[in-house]
Amino acid sequence: MTKFDMGAAWDDSIQLLKSHSALIGAIAGVFFFLPALAVAWFGPTPIEPPAGASFEQSMAALRETLRQMVPGQIIVGLSTIVGSAAILRLWLARSGISVGEALTFALLFFPTLFVVQLLSGLAIGLGLILLIVPGLYMIGRLTLAAPSVADRSFYNPIQALKTSWELTRGNGWAIFFFLFLVTVVIFIAAMIVGLVVGLIAGADDGFGRMLGGVIEAGFGAIGSLVSVAISAAAYRQLATRTPPDVFQ
């Protein structure tokens, strides 16, 4: 059993982000950044409860806000699946491919990856509902499903999930904590920048929403791209059936 090395995975993630940087940046911009920006700019604004609102009224406003956000978040999620698949294919393909070929692959395998994400989400959600801890563990165990599809061209989503489960045996918590630490760093950076933007925008709601949308979409795109890089690096490290250098 291969032991997951966080330091090596981080170094490999940085190398992946540097490779094909212009192409990766273009794909991330189109599939990660622009959809999120469109939702932030043109989607529904959060519903503010009235002054002196009761707890029930505040919760009702929150529920309505979340309900209105669902369509936009679905669009962003579907776009992220396509962009992630194309980027993973560029990184994990065993021979050089073009962006067009990577995007064609992403569209061809979109149904598989959609089901993978759906089943993973159900498994993680069920684990979180039951005891929280099992859900967190499932995140680490199922992270390599999408990279396995990008590398091995699985059409069967169950096969992709089984492959991730096998590759991450004994490393589920290490992979989860690695993803968690990186996510926390990005979240803190986004909060700091958001506070600065709030001070700059002042009382100008229109300008504040536009600038805030750019910041939100930008950090969302960065977070998605880094998460994809980490999953690819973890896969390269743990997929011991062939040496990692075949991906380079």
# chains A, B, ... in the order shown; residues from 1 in each chain; ligands from 1
>>> residues_around(residues="range 67-72 of chain A", least_positions_apart="5", cutoff="10 Å", atoms="only C-alpha atoms", output="ChimeraX atom specification")
/A:35-36,38-40,42-47,61-62,77
>>> write_last_selection(atoms="N, CA, C and O atoms", output="CSV table (one decimal), in the first residue's frame")
chain,number,residue,atom,x,y,z
A,35,PRO,N,-19.1,31.3,-15.5
A,35,PRO,CA,-20.4,31.0,-15.0
A,35,PRO,C,-20.7,31.5,-13.6
A,35,PRO,O,-21.8,32.0,-13.3
A,36,ALA,N,-19.6,31.4,-12.8
A,36,ALA,CA,-19.8,31.9,-11.4
A,36,ALA,C,-20.0,33.4,-11.4
A,36,ALA,O,-20.8,33.9,-10.6
A,38,ALA,N,-21.3,35.2,-13.8
A,38,ALA,CA,-22.7,35.5,-14.4
A,38,ALA,C,-23.7,35.3,-13.3
A,38,ALA,O,-24.6,36.1,-13.1
A,39,VAL,N,-23.6,34.2,-12.5
A,39,VAL,CA,-24.5,34.0,-11.4
A,39,VAL,C,-24.4,35.1,-10.3
A,39,VAL,O,-25.5,35.6,-9.8
A,40,ALA,N,-23.2,35.5,-10.0
A,40,ALA,CA,-23.0,36.5,-9.0
A,40,ALA,C,-23.6,37.9,-9.4
A,40,ALA,O,-24.1,38.6,-8.6
A,42,PHE,N,-25.9,38.4,-12.1
A,42,PHE,CA,-27.2,38.5,-12.7
A,42,PHE,C,-28.2,37.6,-11.9
A,42,PHE,O,-29.4,37.5,-12.2
A,43,GLY,N,-27.7,36.8,-11.0
A,43,GLY,CA,-28.5,35.9,-10.2
A,43,GLY,C,-29.3,36.7,-9.1
A,43,GLY,O,-29.1,37.9,-8.9
A,44,PRO,N,-30.1,36.0,-8.4
A,44,PRO,CA,-30.9,36.7,-7.3
A,44,PRO,C,-30.1,37.2,-6.2
A,44,PRO,O,-29.0,36.6,-5.9
A,45,THR,N,-30.5,38.3,-5.7
A,45,THR,CA,-29.7,38.9,-4.5
A,45,THR,C,-30.3,38.3,-3.2
A,45,THR,O,-31.4,37.9,-3.1
A,46,PRO,N,-29.4,38.1,-2.2
A,46,PRO,CA,-29.9,37.5,-0.9
A,46,PRO,C,-31.0,38.3,-0.4
A,46,PRO,O,-31.1,39.6,-0.4
A,47,ILE,N,-32.0,37.6,0.2
A,47,ILE,CA,-33.2,38.3,0.8
A,47,ILE,C,-32.8,38.6,2.3
A,47,ILE,O,-32.5,37.8,3.1
A,61,ALA,N,-36.4,33.6,5.3
A,61,ALA,CA,-35.6,34.4,4.3
A,61,ALA,C,-34.4,33.7,3.8
A,61,ALA,O,-34.1,33.7,2.6
A,62,LEU,N,-33.7,33.0,4.7
A,62,LEU,CA,-32.6,32.2,4.3
A,62,LEU,C,-33.0,31.0,3.4
A,62,LEU,O,-32.3,30.8,2.4
A,77,GLY,N,-22.2,24.2,-11.3
A,77,GLY,CA,-21.7,22.8,-11.0
A,77,GLY,C,-21.5,22.0,-12.3
A,77,GLY,O,-20.5,21.3,-12.4
>>> residues_around(residues="Ile81 in chain A", least_positions_apart="2", cutoff="9 Å", atoms="only C-alpha atoms", output="number ranges by chain")
A: 31, 76-79, 83-86, 106, 110, 113-114, 117
>>> residues_around(residues="Gly121 in chain A", least_positions_apart="4", cutoff="12 Å", atoms="only C-alpha atoms", output="ChimeraX atom specification")
/A:113-117,125-129,135-136,138-139,142-143,161
>>> residues_around(residues="Trp41 in chain A", least_positions_apart="5", cutoff="12 Å", atoms="only C-alpha atoms", output="list of chain:residue names")
A:Leu34, A:Pro35, A:Ala36, A:Gly72, A:Asp205, A:Gly206, A:Phe207, A:Gly208, A:Arg209, A:Met210, A:Leu211, A:Gly212, A:Gly213, A:Val214, A:Ile215, A:Glu216, A:Ala217
>>> select_by_dssp(residues="range 35-198 of chain A", states="helix (DSSP H, G or I)", output="PyMOL selection string")
chain A and resi 35-42+55-92+99-108+110-130+133-142+145-152+157-167+172-198
>>> residues_around(residues="range 102-105 of chain A", least_positions_apart="3", cutoff="7 Å", atoms="only C-alpha atoms", output="VMD selection string")
chain A and resid 86 89 to 90 97 to 99 108 to 109
